[in-house]
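A.B. asks: So I've got this file, input-v7.tsv, and it contains TSV, C-alpha atoms and all ligand atoms:
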chain	number	residue	atom	x	y	z
A	1	MET	CA	137.08	82.26	110.27
A	2	LEU	CA	136.02	85.92	110.06
A	3	LYS	CA	135.47	86.26	113.80
A	4	GLY	CA	135.53	89.87	114.96
A	5	ARG	CA	136.46	91.31	111.56
A	6	SER	CA	134.94	94.30	109.79
A	7	LEU	CA	134.05	94.22	106.09
A	8	ILE	CA	134.57	97.49	104.22
A	9	GLU	CA	135.24	96.29	100.66
A	10	PRO	CA	135.27	92.90	98.92
A	11	LEU	CA	139.07	92.75	98.83
A	12	ASN	CA	139.04	92.47	102.64
A	13	LEU	CA	138.09	88.82	102.01
A	14	SER	CA	140.38	86.23	100.41
A	15	LEU	CA	138.99	84.00	97.67
A	16	GLU	CA	139.09	81.08	100.13
A	17	GLU	CA	137.09	83.06	102.70
A	18	MET	CA	134.49	83.99	100.07
A	19	ASP	CA	134.31	80.37	98.97
A	20	GLU	CA	133.63	79.28	102.56
A	21	LEU	CA	130.88	81.91	102.88
A	22	PHE	CA	129.25	80.70	99.65
A	23	SER	CA	129.39	77.06	100.80
A	24	LEU	CA	127.79	78.01	104.10
A	25	ALA	CA	125.11	80.09	102.35
A	26	GLU	CA	124.32	77.13	100.08
A	27	LYS	CA	124.08	74.87	103.12
A	28	ILE	CA	121.64	77.30	104.77
A	29	GLU	CA	119.57	77.47	101.57
A	30	ALA	CA	119.38	73.66	101.41
A	31	GLU	CA	118.77	73.22	105.16
A	32	PRO	CA	116.99	76.33	106.50
A	33	ALA	CA	117.07	74.98	110.08
A	34	CYS	CA	120.88	74.99	110.02
A	35	LEU	CA	122.31	77.76	112.30
A	36	GLN	CA	118.75	78.58	113.38
A	37	LYS	CA	119.58	79.50	116.99
A	38	SER	CA	123.28	80.05	116.55
A	39	CYS	CA	123.16	83.81	117.28
A	40	ARG	CA	120.74	83.69	120.22
A	41	GLY	CA	121.53	86.58	122.55
A	42	LYS	CA	123.42	88.55	119.90
A	43	VAL	CA	122.32	91.99	118.68
A	44	LEU	CA	122.72	93.49	115.20
A	45	ALA	CA	122.54	97.28	114.77
A	46	THR	CA	121.52	98.58	111.34
A	47	LEU	CA	122.47	102.25	110.84
A	48	PHE	CA	121.09	103.48	107.53
A	49	PHE	CA	121.89	107.09	106.66
A	50	GLU	CA	120.54	106.41	103.12
A	51	PRO	CA	117.39	104.56	101.99
A	52	SER	CA	117.43	100.79	101.53
A	53	THR	CA	114.98	97.95	101.11
A	54	ARG	CA	117.04	94.83	100.35
A	55	THR	CA	120.25	95.40	102.26
A	56	ARG	CA	118.70	96.49	105.54
A	57	LEU	CA	115.80	94.05	105.52
A	58	SER	CA	117.88	91.08	104.36
A	59	PHE	CA	120.40	91.76	107.14
A	60	GLU	CA	117.60	92.00	109.67
A	61	ALA	CA	115.92	88.87	108.30
A	62	ALA	CA	119.28	87.10	108.41
A	63	MET	CA	119.86	88.00	112.07
A	64	LEU	CA	116.32	87.04	113.08
A	65	ARG	CA	116.66	83.70	111.27
A	66	LEU	CA	119.91	83.07	113.17
A	67	GLY	CA	118.04	83.60	116.43
A	68	GLY	CA	119.47	87.05	117.20
A	69	ASN	CA	117.86	90.47	117.57
A	70	CYS	CA	118.05	93.76	115.67
A	71	LEU	CA	117.90	97.47	116.48
A	72	GLY	CA	118.76	100.60	114.54
A	73	PHE	CA	117.40	103.34	112.33
A	74	ALA	CA	116.32	103.47	108.69
A	75	GLU	CA	116.90	107.18	108.22
A	76	PRO	CA	119.22	109.52	110.12
A	77	GLY	CA	116.49	112.04	110.97
A	78	SER	CA	115.34	109.73	113.75
A	79	SER	CA	118.80	109.56	115.39
A	80	SER	CA	120.89	112.17	117.22
A	81	VAL	CA	122.86	112.68	114.02
A	82	SER	CA	120.09	115.20	113.24
A	83	LYS	CA	121.25	117.15	116.32
A	84	GLY	CA	124.79	117.24	114.99
A	85	GLU	CA	126.31	114.12	116.59
A	86	SER	CA	129.39	112.89	114.71
A	87	LEU	CA	129.66	109.53	112.98
A	88	ALA	CA	132.49	108.58	115.34
A	89	ASP	CA	130.38	109.25	118.45
A	90	THR	CA	127.39	107.47	116.91
A	91	VAL	CA	129.24	104.21	116.24
A	92	ARG	CA	131.09	104.37	119.57
A	93	THR	CA	127.72	104.60	121.29
A	94	VAL	CA	126.05	101.90	119.21
A	95	SER	CA	128.98	99.59	119.98
A	96	CYS	CA	127.80	99.69	123.62
A	97	TYR	CA	124.47	98.14	122.60
A	98	ALA	CA	125.23	95.81	119.70
A	99	ASP	CA	127.59	92.94	118.86
A	100	ILE	CA	127.84	93.85	115.19
A	101	ILE	CA	127.00	96.96	113.12
A	102	VAL	CA	125.80	97.28	109.53
A	103	MET	CA	126.04	100.83	108.19
A	104	ARG	CA	125.10	102.63	104.96
A	105	ASN	CA	126.24	106.21	104.47
A	106	PRO	CA	126.25	108.56	101.45
A	107	LYS	CA	129.89	109.59	102.01
A	108	GLU	CA	132.66	107.58	100.37
A	109	GLY	CA	135.06	106.32	103.04
A	110	ALA	CA	132.49	106.68	105.86
A	111	ALA	CA	132.50	102.94	106.59
A	112	LEU	CA	136.27	102.77	106.94
A	113	LEU	CA	136.25	105.80	109.21
A	114	ALA	CA	133.41	104.40	111.33
A	115	SER	CA	135.16	101.02	111.66
A	116	ARG	CA	138.11	102.79	113.28
A	117	TYR	CA	135.88	104.11	116.07
A	118	ALA	CA	133.49	101.17	116.46
A	119	GLN	CA	134.19	98.68	119.24
A	120	ALA	CA	132.13	96.07	117.37
A	121	PRO	CA	132.79	94.67	113.86
A	122	LEU	CA	131.30	96.92	111.19
A	123	ILE	CA	129.93	95.86	107.79
A	124	ASN	CA	129.76	98.43	105.00
A	125	ALA	CA	126.26	98.38	103.49
A	126	GLY	CA	127.26	100.99	100.88
A	127	ASP	CA	129.39	104.14	101.18
A	128	GLY	CA	128.42	106.65	98.49
A	129	GLY	CA	129.56	105.60	95.03
A	130	HIS	CA	132.44	103.61	96.49
A	131	HIS	CA	131.74	100.03	97.67
A	132	HIS	CA	128.94	97.65	98.57
A	133	PRO	CA	130.70	94.41	99.55
A	134	THR	CA	127.69	92.37	100.65
A	135	GLN	CA	125.96	93.10	97.32
A	136	THR	CA	129.08	91.64	95.70
A	137	LEU	CA	128.80	88.51	97.86
A	138	THR	CA	125.15	88.31	96.75
A	139	ASP	CA	126.08	88.73	93.07
A	140	LEU	CA	128.88	86.17	93.19
A	141	LEU	CA	126.74	83.62	95.03
A	142	THR	CA	124.02	84.10	92.38
A	143	ILE	CA	126.52	83.49	89.58
A	144	ARG	CA	127.96	80.45	91.37
A	145	ARG	CA	124.52	78.93	92.00
A	146	LEU	CA	123.12	79.58	88.54
A	147	LYS	CA	126.18	79.23	86.29
A	148	GLY	CA	127.87	76.50	88.33
A	149	ALA	CA	131.10	78.44	88.95
A	150	ILE	CA	132.42	81.99	89.05
A	151	GLY	CA	135.32	81.64	86.55
A	152	ASN	CA	135.41	81.46	82.75
A	153	ILE	CA	132.47	83.74	82.02
A	154	LYS	CA	131.89	86.95	80.09
A	155	VAL	CA	130.08	89.54	82.19
A	156	GLY	CA	128.45	92.66	80.73
A	157	PHE	CA	127.84	95.66	83.01
A	158	CYS	CA	125.20	98.03	81.65
A	159	GLY	CA	124.01	101.48	82.76
A	160	ASP	CA	125.55	103.78	85.34
A	161	LEU	CA	129.07	102.42	85.71
A	162	ARG	CA	130.41	105.72	87.03
A	163	PHE	CA	128.36	106.09	90.20
A	164	GLY	CA	127.18	102.48	90.73
A	165	ARG	CA	128.98	101.18	93.81
A	166	THR	CA	127.76	97.64	93.21
A	167	VAL	CA	129.57	97.72	89.85
A	168	HIS	CA	132.79	99.01	91.40
A	169	SER	CA	132.82	96.30	94.07
A	170	LEU	CA	131.87	93.50	91.68
A	171	VAL	CA	134.46	94.44	89.02
A	172	GLY	CA	137.22	94.35	91.65
A	173	ALA	CA	136.06	91.03	93.06
A	174	LEU	CA	135.55	89.33	89.66
A	175	SER	CA	139.00	90.39	88.50
A	176	ARG	CA	140.48	87.86	90.97
A	177	TYR	CA	138.81	84.87	89.28
A	178	ALA	CA	140.27	82.97	86.31
A	179	GLY	CA	138.94	83.37	82.80
A	180	ILE	CA	136.79	86.45	83.40
A	181	GLU	CA	136.03	88.80	80.51
A	182	MET	CA	134.17	92.06	81.05
A	183	VAL	CA	132.17	94.31	78.75
A	184	PHE	CA	131.21	97.80	79.95
A	185	ILE	CA	128.10	99.23	78.30
A	186	SER	CA	127.36	102.86	79.15
A	187	PRO	CA	126.95	106.36	77.74
A	188	PRO	CA	130.28	108.26	77.67
A	189	GLU	CA	129.33	110.29	80.79
A	190	LEU	CA	128.75	107.14	82.88
A	191	ARG	CA	131.83	105.07	82.01
A	192	ILE	CA	133.71	103.15	84.72
A	193	PRO	CA	136.07	105.27	86.84
A	194	GLU	CA	139.65	105.63	85.68
A	195	TYR	CA	141.08	103.80	88.71
A	196	LEU	CA	139.12	100.65	87.76
A	197	ARG	CA	140.18	100.89	84.11
A	198	GLY	CA	143.80	101.13	85.30
A	199	MET	CA	143.39	98.13	87.62
A	200	LEU	CA	141.91	96.00	84.81
A	201	GLN	CA	144.75	96.95	82.46
A	202	LYS	CA	147.35	96.16	85.13
A	203	GLU	CA	145.78	92.76	85.82
A	204	HIS	CA	145.46	92.03	82.06
A	205	ILE	CA	141.73	91.33	82.35
A	206	PRO	CA	140.20	91.18	78.85
A	207	CYS	CA	137.60	93.93	78.62
A	208	GLU	CA	135.93	96.32	76.20
A	209	GLU	CA	133.80	99.46	76.48
A	210	THR	CA	130.86	100.18	74.20
A	211	GLY	CA	127.74	102.30	73.99
A	212	SER	CA	125.59	99.57	72.40
A	213	LEU	CA	123.87	96.84	74.40
A	214	GLU	CA	122.43	95.27	71.22
A	215	ASN	CA	125.89	94.77	69.71
A	216	VAL	CA	127.26	92.75	72.64
A	217	ILE	CA	124.33	91.08	74.41
A	218	GLY	CA	124.64	87.93	72.28
A	219	SER	CA	128.16	87.26	73.57
A	220	LEU	CA	127.41	87.46	77.31
A	221	ASP	CA	127.04	84.78	80.00
A	222	VAL	CA	125.90	87.31	82.59
A	223	LEU	CA	124.28	90.72	82.04
A	224	TYR	CA	124.48	92.99	85.09
A	225	MET	CA	121.93	95.79	84.61
A	226	THR	CA	122.10	98.89	86.82
A	227	ARG	CA	119.95	101.88	87.65
A	228	VAL	CA	121.15	105.39	86.81
A	229	GLN	CA	121.96	106.72	90.29
A	230	GLN	CA	119.86	109.88	90.48
A	231	GLU	CA	121.06	110.64	94.03
A	232	ARG	CA	124.69	111.00	92.88
A	233	PHE	CA	124.02	113.50	90.03
A	234	PHE	CA	124.91	117.14	90.48
A	235	ASN	CA	122.12	118.37	88.22
A	236	GLU	CA	118.64	117.13	87.33
A	237	GLU	CA	119.05	117.92	83.60
A	238	ASP	CA	121.89	115.41	83.18
A	239	TYR	CA	119.95	112.77	85.07
A	240	ILE	CA	116.85	113.23	82.88
A	241	ARG	CA	118.97	113.06	79.72
A	242	LEU	CA	120.74	109.85	80.77
A	243	LYS	CA	118.21	107.95	82.87
A	244	ASP	CA	116.70	105.90	80.03
A	245	SER	CA	119.92	105.27	78.11
A	246	TYR	CA	119.28	101.51	78.26
A	247	ILE	CA	116.02	99.64	78.61
A	248	LEU	CA	116.27	95.87	78.52
A	249	ASN	CA	113.10	94.52	76.89
A	250	GLY	CA	111.82	91.36	75.23
A	251	ASN	CA	113.30	92.30	71.84
A	252	LYS	CA	116.79	92.72	73.26
A	253	MET	CA	116.46	89.46	75.24
A	254	GLU	CA	115.83	87.69	71.90
A	255	LEU	CA	119.39	88.62	70.91
A	256	ALA	CA	120.84	86.99	74.05
A	257	ARG	CA	121.94	83.41	74.59
A	258	LYS	CA	119.45	80.95	75.99
A	259	ASP	CA	121.69	80.43	79.04
A	260	MET	CA	122.56	84.08	79.73
A	261	ILE	CA	121.36	85.31	83.12
A	262	VAL	CA	120.26	88.87	83.94
A	263	LEU	CA	121.30	90.23	87.33
A	264	HIS	CA	120.36	93.58	88.84
A	265	PRO	CA	121.21	94.72	92.38
A	266	LEU	CA	117.80	96.48	92.45
A	267	PRO	CA	115.95	98.76	92.91
A	268	ARG	CA	114.99	98.87	89.24
A	269	VAL	CA	113.44	102.01	87.79
A	270	ASN	CA	112.98	101.83	83.98
A	271	GLU	CA	116.04	99.92	82.84
A	272	ILE	CA	114.38	96.50	82.73
A	273	ALA	CA	110.90	96.33	81.18
A	274	LEU	CA	108.38	94.40	83.27
A	275	GLU	CA	107.90	91.91	80.42
A	276	VAL	CA	111.44	90.60	81.08
A	277	ASP	CA	110.47	89.45	84.60
A	278	ASP	CA	108.74	86.37	83.18
A	279	ASP	CA	111.83	85.30	81.23
A	280	PRO	CA	113.58	82.44	83.10
A	281	ARG	CA	116.90	84.21	82.46
A	282	ALA	CA	115.78	87.14	84.65
A	283	VAL	CA	117.11	86.11	88.06
A	284	TYR	CA	117.18	89.40	90.01
A	285	PHE	CA	114.55	88.38	92.54
A	286	LYS	CA	116.31	85.06	93.16
A	287	GLN	CA	119.45	87.16	93.58
A	288	ALA	CA	117.72	89.20	96.32
A	289	LYS	CA	116.99	85.95	98.18
A	290	TYR	CA	120.57	84.72	97.85
A	291	GLY	CA	121.49	88.03	99.49
A	292	MET	CA	119.79	86.93	102.68
A	293	TYR	CA	121.53	83.54	102.73
A	294	VAL	CA	124.97	84.99	102.19
A	295	ARG	CA	124.36	87.66	104.86
A	296	MET	CA	123.33	84.88	107.28
A	297	ALA	CA	126.63	83.14	106.51
A	298	LEU	CA	128.54	86.40	106.95
A	299	LEU	CA	126.92	87.34	110.29
A	300	ALA	CA	127.45	83.81	111.67
A	301	SER	CA	131.11	83.89	110.60
A	302	ILE	CA	131.88	87.33	112.03
A	303	LEU	CA	130.07	86.48	115.27
A	304	GLY	CA	132.20	83.35	115.58
A	305	VAL	CA	129.48	80.72	115.35
A	306	ASN	CA	130.87	77.20	115.41
A	307	ARG	CA	129.24	75.76	112.31
A	308	ALA	CA	129.81	72.13	113.38
A	309	GLU	CA	127.74	72.72	116.51
A	310	TYR	CA	124.64	73.76	114.56
A	311	CYS	CA	124.60	71.96	111.19
A	401	LIG	N1	120.88	96.36	96.21
A	401	LIG	C1	120.66	97.25	97.21
A	401	LIG	O1	121.60	97.75	97.84
A	401	LIG	O2	119.35	97.52	97.42
A	401	LIG	P1	118.79	98.51	98.55
A	401	LIG	O3	119.25	99.89	98.20
A	401	LIG	O4	117.31	98.34	98.52
A	401	LIG	O5	119.40	98.06	99.86
Will you turn the file into structure tokens for me?
Ligand code: CP
C.D. replies:
Amino acid sequence: MLKGRSLIEPLNLSLEEMDELFSLAEKIEAEPACLQKSCRGKVLATLFFEPSTRTRLSFEAAMLRLGGNCLGFAEPGSSSVSKGESLADTVRTVSCYADIIVMRNPKEGAALLASRYAQAPLINAGDGGHHHPTQTLTDLLTIRRLKGAIGNIKVGFCGDLRFGRTVHSLVGALSRYAGIEMVFISPPELRIPEYLRGMLQKEHIPCEETGSLENVIGSLDVLYMTRVQQERFFNEEDYIRLKDSYILNGNKMELARKDMIVLHPLPRVNEIALEVDDDPRAVYFKQAKYGMYVRMALLASILGVNRAEYC
């Protein structure tokens, strides 16, 4: 279905294609032996020019569980990029060794550029404050598994909505589903970018912006908490002033519905108090596990695995 294709942003996938990925991920979750050796002989390259725990390791775990192998680097200092090699030459070279490439880079647009030079399909694992499409697949699968469906829900996004690429990708993807309402909770300096506000207006998606989590938490089906993205700030003073704008704690959770779920792409810093982890509505670690299943489904699809042969 996705054989040979690159994935740069969520809108590269149709709703039907995403639905197929979610069904396959659910199948893998239910039957872990399914697709077990389907990528034997295939090689995944992970090129991480920025730190990562979940995205890199879940991709590597996904490939290993599919029977394939992994190579790559977790920080650019250990590659010839540190000697001045260009991104284009790096991905051209890696294409000689790998069947598929996963890349994270601090520059917006780097994944699209790299995909034009790569001879293998390339998956964007985050390009600056722009997009993070496989986090969106993770988030949507989590909503589908835990709320039963992706439509007809009110989703609150809280924290750094300006620099948070997971927010930008998820807002765009959710806007294609029926019955979605969105609430954006942030300090004025960290509001969603203007291009997203314009898109939501054009698509007539019901949404509101507020500075108060307490005022809206009781109306939400899904609360998507985010970290203030220190690495994207131009000065330390602004970061220190804004970093603890929102802290979700037990008192605030008491204002929420019994069936609301709390997502977070992680890593978390201070924005969710540890006491919330024991609340059954806190699903961010389950979410991290769904990330591996959906990345298994994605790798198998792009590498052209015949699902019927293996499950
Ligand atoms: N959610 C996410 O992208 O986490 P990492 O930065 O650990 O990969």
A.B. asks: In terms of the shortest atom-to-atom distance over all atoms listed in the file, which of A:Val262, A:Leu21, A:Met103, A:Leu71 is closest to Phe49 (chain A)?
C.D. replies: A:Met103
A.B. asks: Tell me which protein, DNA and RNA residues are within 12 Å of Cys34 (chain A), counting only C-alpha atoms, leaving out same-chain ones fewer than 2 positions away, and put them as a PyMOL selection string.
C.D. replies: chain A and resi 24-32+36-39+65-67+293+296-297+300+305-311
A.B. asks: List all protein, DNA and RNA residues that have at least one atom no more than 6 Å from any atom of ligand LIG 401 (chain A), counting only C-alpha atoms and all ligand atoms, and write them as a PyMOL selection string.
C.D. replies: chain A and resi 52-56+265-267
A.B. asks: Which one is closest to Ile185 (chain A): A:Arg145, A:Lys286, A:Arg162, A:Arg92? Count only C-alpha atoms.
C.D. replies: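 Selected residue with least distance to Ile185 (chain A): A:Arg162.
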A.B. asks: Quick one: of A:Thr93, A:Asn69, A:Ser86, A:Gln135, who's nearest to Tyr290 (chain A), counting all atoms listed in the file?
C.D. replies: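 The answer is A:Gln135, which sits nearest to Tyr290 (chain A).
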A.B. asks: Which residue is closest to Ala61 (chain A)? Choose from A:Arg197, A:His130, A:Lys289, A:Lys154 and count only C-alpha atoms.
C.D. replies: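 The shortest atom-to-atom distance to Ala61 (chain A) comes from A:Lys289.
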A.B. asks: Go through A:Arg191, A:Lys42, A:Arg144, A:Lys107 one by one, measure the shortest atom-to-atom distance of each to Val222 (chain A) using only C-alpha atoms, and give the residue with the smallest value.
C.D. replies: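 Closest residue, counting only C-alpha atoms: A:Arg144.
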A.B. asks: I'd like to know which of A:Met253, A:Met1, A:Met260, A:Val276 is closest to Ser219 (chain A), using all atoms listed in the file.
C.D. replies: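 Of A:Met253, A:Met1, A:Met260, A:Val276, the one nearest Ser219 (chain A), counting all atoms listed in the file, is A:Met260.
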A.B. asks: In Å, with one decimal, what is the gap from CA of Gly291 (chain A) to CA of Leu57 (chain A)?
C.D. replies: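 Between CA of Gly291 (chain A) and CA of Leu57 (chain A) the gap works out to 10.2 Å.
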A.B. asks: Quick one: region 106-117 of chain A with all heavy atoms, as a CSV table (one decimal), in the first residue's frame?
C.D. replies:
chain,number,residue,atom,x,y,z
A,106,PRO,N,17.2,19.2,13.2
A,106,PRO,CA,16.6,20.4,13.9
A,106,PRO,C,16.1,21.4,12.8
A,106,PRO,O,15.4,22.4,13.2
A,106,PRO,CB,17.8,21.0,14.6
A,106,PRO,CG,19.1,20.4,14.0
A,106,PRO,CD,18.6,19.1,13.5
A,107,LYS,N,16.4,21.3,11.6
A,107,LYS,CA,16.0,22.3,10.6
A,107,LYS,C,14.7,22.0,9.9
A,107,LYS,O,14.5,20.8,9.4
A,107,LYS,CB,17.1,22.4,9.5
A,107,LYS,CG,18.4,23.0,10.0
A,107,LYS,CD,19.2,23.6,8.8
A,107,LYS,CE,20.5,24.3,9.4
A,107,LYS,NZ,21.7,23.5,9.0
A,108,GLU,N,13.8,22.9,10.0
A,108,GLU,CA,12.5,22.7,9.3
A,108,GLU,C,12.7,22.5,7.8
A,108,GLU,O,13.5,23.3,7.2
A,108,GLU,CB,11.6,23.9,9.6
A,108,GLU,CG,11.3,24.1,11.0
A,108,GLU,CD,10.3,25.1,11.4
A,108,GLU,OE1,9.7,25.7,10.4
A,108,GLU,OE2,10.1,25.4,12.6
A,109,GLY,N,12.1,21.5,7.2
A,109,GLY,CA,12.2,21.3,5.8
A,109,GLY,C,13.3,20.3,5.5
A,109,GLY,O,13.5,19.9,4.3
A,110,ALA,N,14.2,19.9,6.5
A,110,ALA,CA,15.3,19.1,6.2
A,110,ALA,C,14.9,17.7,5.7
A,110,ALA,O,15.5,17.1,4.8
A,110,ALA,CB,16.2,18.9,7.5
A,111,ALA,N,13.8,17.2,6.2
A,111,ALA,CA,13.3,15.8,5.8
A,111,ALA,C,12.9,15.9,4.3
A,111,ALA,O,13.2,14.9,3.6
A,111,ALA,CB,12.2,15.4,6.7
A,112,LEU,N,12.2,16.9,3.9
A,112,LEU,CA,11.7,17.0,2.5
A,112,LEU,C,12.9,17.1,1.6
A,112,LEU,O,13.0,16.4,0.6
A,112,LEU,CB,10.8,18.2,2.4
A,112,LEU,CG,10.3,18.4,0.9
A,112,LEU,CD1,9.4,17.2,0.5
A,112,LEU,CD2,9.5,19.7,0.9
A,113,LEU,N,13.9,17.9,2.0
A,113,LEU,CA,15.1,18.1,1.2
A,113,LEU,C,15.8,16.7,1.1
A,113,LEU,O,16.2,16.3,0.0
A,113,LEU,CB,16.0,19.1,1.9
A,113,LEU,CG,17.3,19.3,1.1
A,113,LEU,CD1,17.2,20.3,0.0
A,113,LEU,CD2,18.4,19.9,2.1
A,114,ALA,N,16.0,16.1,2.3
A,114,ALA,CA,16.8,14.8,2.3
A,114,ALA,C,16.0,13.7,1.4
A,114,ALA,O,16.7,13.0,0.7
A,114,ALA,CB,16.9,14.3,3.7
A,115,SER,N,14.7,13.7,1.4
A,115,SER,CA,14.0,12.7,0.7
A,115,SER,C,14.2,12.9,-0.8
A,115,SER,O,14.1,11.9,-1.6
A,115,SER,CB,12.5,12.8,1.0
A,115,SER,OG,11.9,14.0,0.4
A,116,ARG,N,14.6,14.1,-1.2
A,116,ARG,CA,14.8,14.3,-2.7
A,116,ARG,C,16.1,13.8,-3.1
A,116,ARG,O,16.4,13.5,-4.3
A,116,ARG,CB,14.7,15.8,-3.0
A,116,ARG,CG,13.3,16.3,-2.8
A,116,ARG,CD,13.1,17.8,-3.3
A,116,ARG,NE,11.7,18.1,-3.2
A,116,ARG,CZ,11.3,19.3,-2.8
A,116,ARG,NH1,12.1,20.3,-2.6
A,116,ARG,NH2,10.0,19.6,-2.8
A,117,TYR,N,17.0,13.6,-2.2
A,117,TYR,CA,18.4,13.0,-2.5
A,117,TYR,C,18.5,11.5,-2.2
A,117,TYR,O,19.3,10.8,-2.8
A,117,TYR,CB,19.5,13.8,-1.8
A,117,TYR,CG,19.6,15.2,-2.3
A,117,TYR,CD1,19.0,16.2,-1.7
A,117,TYR,CD2,20.4,15.4,-3.5
A,117,TYR,CE1,19.1,17.5,-2.2
A,117,TYR,CE2,20.6,16.7,-4.0
A,117,TYR,CZ,19.9,17.8,-3.3
A,117,TYR,OH,20.0,19.0,-3.9
